[in-house]
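Asker: Hey, dropping entry.pdb in here, PDB, C-alpha atoms:
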ATOM      1  CA  MET A   2       0.000   0.000   0.000
ATOM      2  CA  PRO A   3       1.548   3.388  -0.993
ATOM      3  CA  GLN A   4       2.226   5.669   1.972
ATOM      4  CA  SER A   5       1.029   9.255   2.056
ATOM      5  CA  THR A   6       1.729  12.345   4.141
ATOM      6  CA  THR A   7      -1.666  13.744   3.206
ATOM      7  CA  PRO A   8      -4.494  12.421   5.404
ATOM      8  CA  VAL A   9      -6.588   9.706   3.801
ATOM      9  CA  TYR A  10      -9.988   8.949   5.273
ATOM     10  CA  ASN A  11     -12.379   6.024   5.290
ATOM     11  CA  ALA A  12     -16.012   6.420   4.289
ATOM     12  CA  ASP A  13     -16.989   6.960   7.947
ATOM     13  CA  GLY A  14     -14.549   9.851   8.278
ATOM     14  CA  SER A  15     -11.911   7.957  10.297
ATOM     15  CA  TYR A  16      -8.256   7.802   9.278
ATOM     16  CA  ASP A  17      -7.264   5.127   6.784
ATOM     17  CA  TYR A  18      -4.129   3.916   8.539
ATOM     18  CA  SER A  19      -3.153   1.674   5.633
ATOM     19  CA  TYR A  20      -1.877   4.797   3.848
ATOM     20  CA  SER A  21       0.062   6.059   6.874
ATOM     21  CA  LEU A  22       3.578   5.138   7.991
ATOM     22  CA  PHE A  23       2.022   2.692  10.465
ATOM     23  CA  GLY A  24       0.497   0.608   7.673
ATOM     24  CA  GLU A  25      -2.287  -0.473  10.036
ATOM     25  CA  LYS A  26      -4.168   1.047  12.957
ATOM     26  CA  PRO A  27      -1.930   0.656  16.035
ATOM     27  CA  ASN A  28      -3.221  -0.203  19.498
ATOM     28  CA  LYS A  29      -3.100   3.022  21.501
ATOM     29  CA  GLN A  30      -3.734   1.299  24.843
ATOM     30  CA  LEU A  31      -0.774  -1.002  24.228
ATOM     31  CA  ALA A  32       1.471   2.033  23.748
ATOM     32  CA  TYR A  33       0.271   3.471  27.066
ATOM     33  CA  VAL A  34       0.991   0.153  28.805
ATOM     34  CA  ALA A  35       4.498   0.081  27.325
ATOM     35  CA  ALA A  36       5.139   3.650  28.502
ATOM     36  CA  GLY A  37       3.987   2.705  31.999
ATOM     37  CA  VAL A  38       6.237  -0.353  32.078
ATOM     38  CA  PHE A  39       9.307   1.777  31.371
ATOM     39  CA  VAL A  40       8.279   4.552  33.777
ATOM     40  CA  VAL A  41       8.051   1.994  36.601
ATOM     41  CA  THR A  42      11.519   0.545  35.974
ATOM     42  CA  ALA A  43      12.948   4.073  35.674
ATOM     43  CA  ILE A  44      11.492   5.006  39.078
ATOM     44  CA  ILE A  45      12.828   1.815  40.668
ATOM     45  CA  HIS A  46      16.290   2.384  39.159
ATOM     46  CA  LEU A  47      16.257   5.981  40.389
ATOM     47  CA  ALA A  48      15.364   4.910  43.925
ATOM     48  CA  GLN A  49      18.034   2.194  43.874
ATOM     49  CA  ALA A  50      20.640   4.621  42.567
ATOM     50  CA  PHE A  51      20.026   6.949  45.512
ATOM     51  CA  ARG A  52      19.757   4.192  48.118
ATOM     52  CA  LEU A  53      22.745   2.183  46.925
ATOM     53  CA  LYS A  54      24.798   5.170  45.720
ATOM     54  CA  THR A  55      25.188   3.803  42.199
ATOM     55  CA  ARG A  56      25.236   6.934  40.063
ATOM     56  CA  TYR A  57      26.805   4.917  37.269
ATOM     57  CA  MET A  58      23.320   3.469  36.644
ATOM     58  CA  THR A  59      22.175   6.869  35.333
ATOM     59  CA  PRO A  60      22.250   5.758  31.658
ATOM     60  CA  ALA A  61      19.727   3.013  32.486
ATOM     61  CA  ILE A  62      17.403   5.562  34.066
ATOM     62  CA  ILE A  63      17.663   7.909  31.085
ATOM     63  CA  GLY A  64      17.239   5.004  28.666
ATOM     64  CA  ALA A  65      14.071   3.829  30.418
ATOM     65  CA  LEU A  66      12.635   7.364  30.411
ATOM     66  CA  MET A  67      13.439   7.727  26.716
ATOM     67  CA  GLU A  68      11.603   4.475  26.028
ATOM     68  CA  ALA A  69       8.599   5.818  27.952
ATOM     69  CA  LEU A  70       8.704   9.099  26.025
ATOM     70  CA  GLY A  71       8.868   7.147  22.787
ATOM     71  CA  TYR A  72       5.688   5.207  23.530
ATOM     72  CA  LEU A  73       3.897   8.318  24.785
ATOM     73  CA  ALA A  74       4.856  10.025  21.532
ATOM     74  CA  ARG A  75       3.508   6.961  19.745
ATOM     75  CA  THR A  76       0.073   7.583  21.264
ATOM     76  CA  LYS A  77       0.172  11.102  19.798
ATOM     77  CA  ALA A  78       1.299   9.726  16.447
ATOM     78  CA  ILE A  79      -1.634   7.315  16.476
ATOM     79  CA  ASP A  80      -3.993  10.267  16.952
ATOM     80  CA  ASP A  81      -2.341  12.077  14.020
ATOM     81  CA  PRO A  82      -1.014   9.248  11.785
ATOM     82  CA  PHE A  83      -0.114  11.389   8.789
ATOM     83  CA  ASN A  84       2.055  13.811  10.778
ATOM     84  CA  THR A  85       5.577  12.647   9.926
ATOM     85  CA  ASN A  86       7.166  14.896  12.574
ATOM     86  CA  VAL A  87       5.316  13.210  15.441
ATOM     87  CA  TYR A  88       6.032   9.813  13.918
ATOM     88  CA  ALA A  89       9.724  10.712  13.706
ATOM     89  CA  VAL A  90       9.817  11.645  17.396
ATOM     90  CA  GLN A  91       8.397   8.326  18.581
ATOM     91  CA  GLN A  92      10.629   6.431  16.182
ATOM     92  CA  PHE A  93      13.717   8.296  17.375
ATOM     93  CA  PHE A  94      13.183   7.634  21.092
ATOM     94  CA  ILE A  95      12.238   3.976  20.699
ATOM     95  CA  VAL A  96      15.066   3.133  18.289
ATOM     96  CA  ILE A  97      17.832   5.132  20.006
ATOM     97  CA  SER A  98      17.190   4.520  23.740
ATOM     98  CA  PRO A  99      18.669   0.952  23.782
ATOM     99  CA  VAL A 100      22.073   2.581  23.202
ATOM    100  CA  LEU A 101      21.902   3.902  26.777
ATOM    101  CA  VAL A 102      20.880   0.504  28.111
ATOM    102  CA  ALA A 103      23.907  -1.003  26.378
ATOM    103  CA  ALA A 104      26.123   1.720  27.893
ATOM    104  CA  THR A 105      24.880   0.671  31.339
ATOM    105  CA  GLN A 106      25.889  -2.908  30.610
ATOM    106  CA  TYR A 107      29.408  -1.801  29.655
ATOM    107  CA  ILE A 108      29.738   0.074  32.935
ATOM    108  CA  ILE A 109      28.465  -2.890  34.952
ATOM    109  CA  LEU A 110      31.067  -5.169  33.360
ATOM    110  CA  GLU A 111      33.756  -2.671  34.396
ATOM    111  CA  HIS A 112      32.569  -2.838  37.998
ATOM    112  CA  ILE A 113      32.384  -6.633  37.950
ATOM    113  CA  MET A 114      35.967  -6.833  36.661
ATOM    114  CA  VAL A 115      37.263  -4.487  39.347
ATOM    115  CA  HIS A 116      35.309  -6.223  42.098
ATOM    116  CA  VAL A 117      36.385  -9.766  41.173
ATOM    117  CA  ASP A 118      39.941  -9.241  39.921
ATOM    118  CA  ALA A 119      40.924  -6.609  37.377
ATOM    119  CA  THR A 120      44.074  -8.549  36.483
ATOM    120  CA  LEU A 121      41.905 -11.203  34.840
ATOM    121  CA  ALA A 122      40.355  -8.703  32.431
ATOM    122  CA  PRO A 123      41.511  -8.944  28.777
ATOM    123  CA  VAL A 124      41.627  -5.122  28.693
ATOM    124  CA  ARG A 125      41.968  -2.535  31.423
ATOM    125  CA  PRO A 126      38.502  -2.230  33.069
ATOM    126  CA  SER A 127      38.580   1.577  32.903
ATOM    127  CA  LEU A 128      38.746   1.335  29.112
ATOM    128  CA  VAL A 129      35.739  -0.955  28.633
ATOM    129  CA  ALA A 130      33.030   1.715  28.734
ATOM    130  CA  LYS A 131      35.181   4.197  26.808
ATOM    131  CA  ILE A 132      35.793   1.757  23.965
ATOM    132  CA  PHE A 133      32.250   0.447  23.573
ATOM    133  CA  VAL A 134      30.451   3.695  24.311
ATOM    134  CA  GLY A 135      32.624   5.204  21.582
ATOM    135  CA  GLY A 136      31.298   2.581  19.180
ATOM    136  CA  ASP A 137      27.750   3.298  20.295
ATOM    137  CA  VAL A 138      28.233   7.043  19.785
ATOM    138  CA  VAL A 139      29.202   6.371  16.180
ATOM    139  CA  SER A 140      26.191   4.065  15.858
ATOM    140  CA  PHE A 141      23.939   6.709  17.436
ATOM    141  CA  ILE A 142      25.060   9.445  15.036
ATOM    142  CA  VAL A 143      24.629   7.203  11.999
ATOM    143  CA  GLN A 144      21.202   6.001  13.144
ATOM    144  CA  ALA A 145      20.053   9.553  13.872
ATOM    145  CA  ALA A 146      21.176  10.701  10.416
ATOM    146  CA  GLY A 147      19.439   7.751   8.790
ATOM    147  CA  SER A 148      16.223   8.352  10.751
ATOM    148  CA  GLY A 149      16.208  11.984   9.668
ATOM    149  CA  LEU A 150      16.470  11.094   5.991
ATOM    150  CA  LEU A 151      14.061   8.196   6.313
ATOM    151  CA  VAL A 152      11.224  10.235   7.755
ATOM    152  CA  GLY A 153      12.007  13.666   6.320
ATOM    153  CA  GLY A 154      13.110  12.586   2.854
ATOM    154  CA  THR A 155      11.188  14.250   0.041
ATOM    155  CA  THR A 156      12.177  11.766  -2.648
ATOM    156  CA  THR A 157      12.241   7.984  -2.901
ATOM    157  CA  GLU A 158      16.026   8.110  -3.283
ATOM    158  CA  MET A 159      16.438  10.063  -0.022
ATOM    159  CA  VAL A 160      14.145   7.717   1.861
ATOM    160  CA  ASN A 161      16.002   4.660   0.575
ATOM    161  CA  MET A 162      19.342   6.253   1.452
ATOM    162  CA  GLY A 163      18.104   7.017   4.970
ATOM    163  CA  ASN A 164      16.928   3.442   5.374
ATOM    164  CA  TRP A 165      20.312   1.981   4.446
ATOM    165  CA  ILE A 166      22.188   4.503   6.588
ATOM    166  CA  LEU A 167      19.994   3.485   9.530
ATOM    167  CA  ILE A 168      20.748  -0.181   8.844
ATOM    168  CA  GLY A 169      24.462   0.666   8.712
ATOM    169  CA  GLY A 170      24.240   2.296  12.137
ATOM    170  CA  LEU A 171      22.533  -0.763  13.573
ATOM    171  CA  LEU A 172      25.181  -3.044  12.058
ATOM    172  CA  VAL A 173      27.897  -0.952  13.736
ATOM    173  CA  GLN A 174      26.043  -1.421  17.029
ATOM    174  CA  ILE A 175      25.778  -5.184  16.499
ATOM    175  CA  LEU A 176      29.486  -5.478  15.666
ATOM    176  CA  SER A 177      30.475  -3.450  18.732
ATOM    177  CA  PHE A 178      28.141  -5.409  20.975
ATOM    178  CA  SER A 179      29.432  -8.730  19.646
ATOM    179  CA  CYS A 180      32.927  -7.703  20.719
ATOM    180  CA  PHE A 181      31.548  -6.756  24.128
ATOM    181  CA  LEU A 182      29.923 -10.170  24.574
ATOM    182  CA  ALA A 183      33.177 -11.876  23.594
ATOM    183  CA  LEU A 184      34.986  -9.807  26.222
ATOM    184  CA  CYS A 185      32.427 -10.880  28.830
ATOM    185  CA  VAL A 186      32.916 -14.557  28.014
ATOM    186  CA  VAL A 187      36.710 -14.350  28.141
ATOM    187  CA  PHE A 188      36.668 -12.608  31.524
ATOM    188  CA  TYR A 189      34.177 -15.046  33.034
ATOM    189  CA  ARG A 190      36.189 -18.054  31.886
ATOM    190  CA  ARG A 191      39.349 -16.602  33.408
ATOM    191  CA  ALA A 192      37.591 -15.732  36.668
ATOM    192  CA  SER A 193      36.084 -19.212  36.907
ATOM    193  CA  ARG A 194      39.440 -20.912  36.347
ATOM    194  CA  ALA A 195      41.455 -18.673  38.664
ATOM    195  CA  GLU A 196      42.557 -20.273  41.894
ATOM    196  CA  PRO A 197      41.182 -18.605  45.040
ATOM    197  CA  GLY A 198      43.628 -16.037  46.346
ATOM    198  CA  ARG A 199      45.991 -16.447  43.369
ATOM    199  CA  THR A 200      45.935 -12.733  42.551
ATOM    200  CA  GLN A 201      44.763 -11.428  45.909
ATOM    201  CA  ALA A 202      47.925  -9.397  46.385
ATOM    202  CA  VAL A 203      47.218  -7.245  43.324
ATOM    203  CA  ALA A 204      43.411  -7.378  43.206
ATOM    204  CA  ALA A 205      41.482  -4.228  44.136
ATOM    205  CA  VAL A 206      39.166  -6.329  46.313
ATOM    206  CA  PRO A 207      40.756  -9.129  48.401
ATOM    207  CA  THR A 208      39.394 -12.588  47.609
ATOM    208  CA  SER A 209      37.851 -12.870  51.078
ATOM    209  CA  GLN A 210      35.796  -9.730  50.427
ATOM    210  CA  VAL A 211      34.476 -10.608  46.950
ATOM    211  CA  ASN A 212      30.692 -10.883  47.019
ATOM    212  CA  PRO A 213      29.643 -14.303  45.639
ATOM    213  CA  ARG A 214      26.548 -12.673  44.158
ATOM    214  CA  TRP A 215      28.677 -11.213  41.371
ATOM    215  CA  ARG A 216      27.961 -14.400  39.409
ATOM    216  CA  ALA A 217      24.207 -13.753  39.617
ATOM    217  CA  LEU A 218      24.825 -10.217  38.369
ATOM    218  CA  PHE A 219      26.971 -11.528  35.534
ATOM    219  CA  LEU A 220      24.162 -13.900  34.517
ATOM    220  CA  ALA A 221      21.693 -11.006  34.606
ATOM    221  CA  LEU A 222      24.122  -8.988  32.493
ATOM    222  CA  MET A 223      24.287 -11.780  29.913
ATOM    223  CA  VAL A 224      20.497 -12.112  29.757
ATOM    224  CA  GLY A 225      20.102  -8.361  29.311
ATOM    225  CA  SER A 226      22.868  -8.268  26.719
ATOM    226  CA  ALA A 227      21.210 -11.083  24.760
ATOM    227  CA  CYS A 228      17.997  -9.032  24.759
ATOM    228  CA  VAL A 229      19.815  -6.009  23.338
ATOM    229  CA  MET A 230      21.514  -8.125  20.676
ATOM    230  CA  ILE A 231      18.305  -9.859  19.558
ATOM    231  CA  ARG A 232      16.513  -6.527  19.456
ATOM    232  CA  SER A 233      19.258  -4.984  17.289
ATOM    233  CA  VAL A 234      19.161  -7.897  14.828
ATOM    234  CA  PHE A 235      15.372  -7.567  14.675
ATOM    235  CA  ARG A 236      15.639  -3.872  13.828
ATOM    236  CA  VAL A 237      18.127  -4.584  11.035
ATOM    237  CA  ILE A 238      15.732  -7.119   9.515
ATOM    238  CA  GLU A 239      12.811  -4.721   9.934
ATOM    239  CA  PHE A 240      14.499  -1.811   8.207
ATOM    240  CA  ALA A 241      15.942  -4.056   5.489
ATOM    241  CA  LYS A 242      12.344  -4.974   4.616
ATOM    242  CA  GLY A 243      11.440  -1.281   4.407
ATOM    243  CA  PHE A 244       8.958   0.929   6.234
ATOM    244  CA  ASP A 245       6.145  -0.567   4.195
ATOM    245  CA  GLY A 246       7.353  -4.138   4.799
ATOM    246  CA  PRO A 247       5.447  -6.845   6.688
ATOM    247  CA  ILE A 248       7.408  -6.288   9.916
ATOM    248  CA  ALA A 249       7.242  -2.484  10.101
ATOM    249  CA  THR A 250       3.510  -2.492   9.374
ATOM    250  CA  ASN A 251       2.663  -5.099  12.028
ATOM    251  CA  GLU A 252       3.331  -3.627  15.464
ATOM    252  CA  ILE A 253       3.112  -6.945  17.297
ATOM    253  CA  TYR A 254       6.645  -7.718  16.093
ATOM    254  CA  MET A 255       7.927  -4.487  17.653
ATOM    255  CA  TYR A 256       6.315  -5.247  21.004
ATOM    256  CA  ILE A 257       7.724  -8.791  21.070
ATOM    257  CA  PHE A 258      11.231  -8.191  19.730
ATOM    258  CA  ASP A 259      11.837  -4.668  21.046
ATOM    259  CA  THR A 260       9.498  -3.566  23.838
ATOM    260  CA  ILE A 261       9.489  -6.802  25.840
ATOM    261  CA  LEU A 262      13.209  -7.446  25.339
ATOM    262  CA  MET A 263      14.222  -3.951  26.453
ATOM    263  CA  ALA A 264      11.905  -4.203  29.462
ATOM    264  CA  VAL A 265      13.577  -7.486  30.450
ATOM    265  CA  ALA A 266      17.048  -5.916  30.045
ATOM    266  CA  LEU A 267      16.078  -3.114  32.443
ATOM    267  CA  TYR A 268      13.970  -4.997  34.988
ATOM    268  CA  ILE A 269      16.492  -7.789  35.462
ATOM    269  CA  LEU A 270      18.906  -5.156  36.794
ATOM    270  CA  ASN A 271      16.243  -4.039  39.253
ATOM    271  CA  PHE A 272      16.073  -7.571  40.651
ATOM    272  CA  VAL A 273      19.828  -8.241  40.527
ATOM    273  CA  HIS A 274      21.230  -4.795  41.170
ATOM    274  CA  PRO A 275      24.992  -4.165  41.015
ATOM    275  CA  GLY A 276      24.771  -2.004  44.111
ATOM    276  CA  VAL A 277      23.862  -5.141  46.084
ATOM    277  CA  ALA A 278      25.646  -7.856  44.096
ATOM    278  CA  LEU A 279      28.962  -5.999  44.182
ATOM    279  CA  ARG A 280      28.759  -4.828  47.760
ATOM    280  CA  THR A 281      32.139  -5.642  49.277
ATOM    281  CA  VAL A 282      32.065  -8.194  52.053
ATOM    282  CA  LYS A 283      33.962  -6.558  54.922
ATOM    283  CA  GLY A 284      36.500  -8.497  56.953
ATOM    284  CA  ALA A 285      36.650 -12.276  56.807
ATOM    285  CA  VAL A 286      34.552 -14.526  54.667
ATOM    286  CA  PRO A 287      30.978 -14.115  56.011
ATOM    287  CA  GLN A 288      29.158 -16.969  57.635
ATOM    288  CA  PRO A 289      26.054 -18.343  55.862
ATOM    289  CA  VAL A 290      23.719 -16.680  58.406
ATOM    290  CA  GLU A 291      25.388 -13.315  57.838
ATOM    291  CA  MET A 292      25.123 -13.712  54.074
ATOM    292  CA  LEU A 293      21.418 -14.559  54.369
ATOM    293  CA  GLU A 294      20.809 -11.518  56.551
ATOM    294  CA  SER A 295      22.641  -9.233  54.112
ATOM    295  CA  ILE A 296      20.581 -10.552  51.226
ATOM    296  CA  MET A 297      17.283 -10.230  53.079
ATOM    297  CA  THR A 298      18.014  -6.644  54.156
ATOM    298  CA  ALA A 299      19.392  -5.580  50.746
TER     299      ALA A 299
END
As structure tokens, how would this structure be written, given the file I've shared?

Answerer:
Amino acid sequence: MPQSTTPVYNADGSYDYSYSLFGEKPNKQLAYVAAGVFVVTAIIHLAQAFRLKTRYMTPAIIGALMEALGYLARTKAIDDPFNTNVYAVQQFFIVISPVLVAATQYIILEHIMVHVDATLAPVRPSLVAKIFVGGDVVSFIVQAAGSGLLVGGTTTEMVNMGNWILIGGLLVQILSFSCFLALCVVFYRRASRAEPGRTQAVAAVPTSQVNPRWRALFLALMVGSACVMIRSVFRVIEFAKGFDGPIATNEIYMYIFDTILMAVALYILNFVHPGVALRTVKGAVPQPVEMLESIMTA
């Protein structure tokens, strides 16, 4: 169905969404639910950041709020489906916000490395976020440029160019994130094989003070990272099919392979928070009762 920027109406006077960028009439209530889901996790992350003094979780908070803004903008776009500016706003926030979630995951890996044993890291922990955030910045700029051409293009050639630029930005993100996942695996294997106390003399946190819950956090990090990766691959496939393709014009795919996955990536860090999992165990190795009490009061 050819898309139009001029409103097209049905016989009853309602919008004919098949001619809009949506391709079908979206579910407005579903967009409100999605916005609420991300507002809740943002509030929880904000409260945890203050309580546990984890300011480095700020990107997750901003990312969750951007997701919420994106779905709120989507409700406005549904009310005015032929307004490309409103559509561009919701598209921008929903597509770009996972970059901040990924940045949070880079920072968490840094903290895990330092907490467990920085000498086991393939690269200096302080460089992890710098390297991968740098890749995401490039991806962000490319995606933003592609989105601008895609929605604001006045010719078919400009729209097609914007689409492929956007795909290129997503591919950069996937490549960067693949390297990040490989780094995670290498570090975990080294940490698992290391003998207790082998590097205690040079580790930032003595072996006796390492919180055993770091493994649960690492698992949560891997689950969240898998969500980000799957979502990025989905977006590449979606944009490769075009804005009038079967994926872009059927919103259920977006809610399954983007909304739900990003919600999981954020909520899992609410349940397994680095501020608790990486809390240094003071003094000697804690007794089981003490560990249970610390977990229950966390």

Asker: Need the neighbours of (-0.8, 11.3, 7.3): which residues are at most 9 Å away, counting all atoms listed in the file, as a list in words?

Answerer: Gln4, Ser5, Thr6, Thr7, Pro8, Val9, Tyr16, Asp17, Tyr18, Tyr20, Ser21, Leu22, Asp81, Pro82, Phe83, Asn84 and Thr85 of chain A

Asker: Would you translate the PyMOL selection byres ((chain A and resi 60) around 8) into the concrete set of residues it matches in this file, as a ChimeraX atom specification?

Answerer: /A:57-59,61-64,101-102,104-105

Asker: Which residue is closest to A:Gln174? Choose from A:Met162, A:Met223, A:Leu128, A:Ala103 and count only C-alpha atoms.

Answerer: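 Ranking A:Met162, A:Met223, A:Leu128, A:Ala103 by distance to A:Gln174, first place goes to A:Ala103.
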
Asker: Could you tell me, as a compact mmCIF listing (two decimals) with C-alpha atoms, keeping the file's coordinate frame, which residues have any atom at most 7 Å from (18.2, -3.6, 10.2), counting all atoms listed in the file?

Answerer:
# COMPACT_ATOMS: atom_id res chain seq x y z
CA ILE A 168 20.75 -0.18 8.84
CA LEU A 171 22.53 -0.76 13.57
CA VAL A 234 19.16 -7.90 14.83
CA PHE A 235 15.37 -7.57 14.68
CA ARG A 236 15.64 -3.87 13.83
CA VAL A 237 18.13 -4.58 11.04
CA ILE A 238 15.73 -7.12 9.52
CA GLU A 239 12.81 -4.72 9.93
CA PHE A 240 14.50 -1.81 8.21
CA ALA A 241 15.94 -4.06 5.49

Asker: Do you know which residues the PyMOL selection byres ((chain A and resi 261) around 12) returns on this file, as a list in words?

Answerer: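 Answer for the PyMOL selection byres ((chain A and resi 261) around 12): Leu31, Val34, Ala35, Ala36, Val38, Phe39, Glu68, Gly225, Cys228, Val229, Ile231, Arg232, Ile253, Tyr254, Met255, Tyr256, Ile257, Phe258, Asp259, Thr260, Leu262, Met263, Ala264, Val265, Ala266, Leu267, Tyr268 and Ile269 of chain A.
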
Asker: Have a look at A:Asn212, A:Ser226, A:Asn161, A:Ser148 and name the one nearest to A:Cys185; count all atoms listed in the file.

Answerer: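 Using all atoms listed in the file, A:Cys185 sits closest to A:Ser226.
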
Asker: Record the distance separating atom CA of A:Ile166 and atom CA of A:Ala145, expressed in Å with one decimal.

Answerer: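 So the answer is 9.1 Å.
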